[in-house]
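Student: What follows is a structure written as structure tokens; I'll ask about it next.
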Amino acid sequence: MIEKYKDKPNVQFLTLNMDENPGLITPFLTEHHLSLIVLSAYSYVTDRLKVNGIPQNWILDSQGVVRLKGIGYDSTEKWEAGMTDAIEKVNAEGAGSGGGNSDVSPMRR
């Protein structure tokens, strides 16, 4: 997904890591040849966001408003297609009137 949107400045990816040991992040990224922004955020995610299931996928609009939220991941092409559709939907709404329904969750599993 990151590679697909690398030339689109209006789409950014950020990973919040919930591992209590932030020292595990870099070795994991290296082992899996991943290049992405990862923030160690255990306390923030558990205390502030009250996340009780992972992984979660959130799509925010250009104003930082959560527009779509989903829980889970599917290693098949179905997940990526759903994420692409959701990103494009939020982008299209942002280019239009800016309206939309933040309760719409096409990624929810």
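A note on labels: chains of the structure tokens are A, B, ... as shown, every chain counts residues from 1, and ligands are counted from 1 in their shown order.
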Identify, on the basis of only C-alpha atoms, every residue whose closest approach to Glu3 of chain A does not exceed 12 Å; exclude the query and any residue fewer than 3 positions from it along the same chain; express the result as number ranges by chain.

Tutor: A: 6-8, 11-13, 34-36

Student: List every residue of chain A that DSSP, applied to the backbone of this structure, assigns to strand (DSSP E), and report them as a ChimeraX atom specification.

Tutor: /A:15-17,38-40,56-60,66-71

Student: Neighbours of segment 87-91 of chain A within 7 Å (only C-alpha atoms; same-chain residues fewer than 4 positions away dropped), as a PyMOL selection string?

Tutor: chain A and resi 59+61+83+95

Student: Return the single residue from A:His33, A:Ser40, A:Tyr5, A:Gly94 that is closest to Gly64 of chain A, with distances computed using only C-alpha atoms.

Tutor: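 Of the candidates, the smallest distance to Gly64 of chain A is held by A:Gly94.
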
Student: Apply DSSP to the structure's backbone, then extract all residues of segment 11-56 of chain A labelled alpha helix (DSSP H) and return them as a PyMOL selection string.

Tutor: chain A and resi 25-31+42-43

Student: Please identify all polymer residues within 12 Å of Thr46 of chain A, counting only C-alpha atoms, omitting same-chain residues fewer than 5 positions from it, and present them as a PDB file with C-alpha atoms, in the first residue's frame.

Tutor:
ATOM      1  CA  LEU A  16       1.409   3.083  16.037  1.00  0.00           C
ATOM      2  CA  ASN A  17       3.241   0.208  17.702  1.00  0.00           C
ATOM      3  CA  MET A  18       1.634  -1.204  20.859  1.00  0.00           C
ATOM      4  CA  ASP A  19       4.533  -3.384  21.951  1.00  0.00           C
ATOM      5  CA  GLU A  20       5.684  -2.540  25.473  1.00  0.00           C
ATOM      6  CA  SER A  40       6.185   3.565  19.778  1.00  0.00           C
ATOM      7  CA  ALA A  41       2.813   4.368  21.275  1.00  0.00           C
ATOM      8  CA  VAL A  51      -7.965   0.522  21.609  1.00  0.00           C
ATOM      9  CA  ASN A  52      -9.060  -2.960  22.618  1.00  0.00           C
ATOM     10  CA  GLY A  53      -8.435  -4.870  19.397  1.00  0.00           C
ATOM     11  CA  ILE A  54      -5.575  -4.849  16.937  1.00  0.00           C
TER      12      ILE A  54
END

Student: If I take atom CA of Asp74 of chain A and atom CA of Pro55 of chain A, how far is one from the other in Å, to one decimal?

Tutor: 10.4 Å

Student: Which value, in Å to one decimal, gives the distance between atom CA of Asn10 of chain A and atom CA of Arg48 of chain A?

Tutor: 25.9 Å

Student: Extract, using only C-alpha atoms, all DNA, RNA and protein residues at most 6 Å from Gln56 of chain A, discarding same-chain residues fewer than 3 positions from it, and format them as a tab-separated table (two decimals) with C-alpha atoms, in the first residue's frame.

Tutor:
chain	number	residue	atom	x	y	z
A	70	GLY	CA	-11.74	-0.92	10.66
A	71	ILE	CA	-10.43	-3.69	12.85
A	72	GLY	CA	-8.42	-6.56	11.48

Student: Atom CA of Phe28 of chain A and atom CA of Arg67 of chain A are how many Å apart?

Tutor: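 If I compute the distance from atom CA of Phe28 of chain A to atom CA of Arg67 of chain A, I get 29.6 Å.
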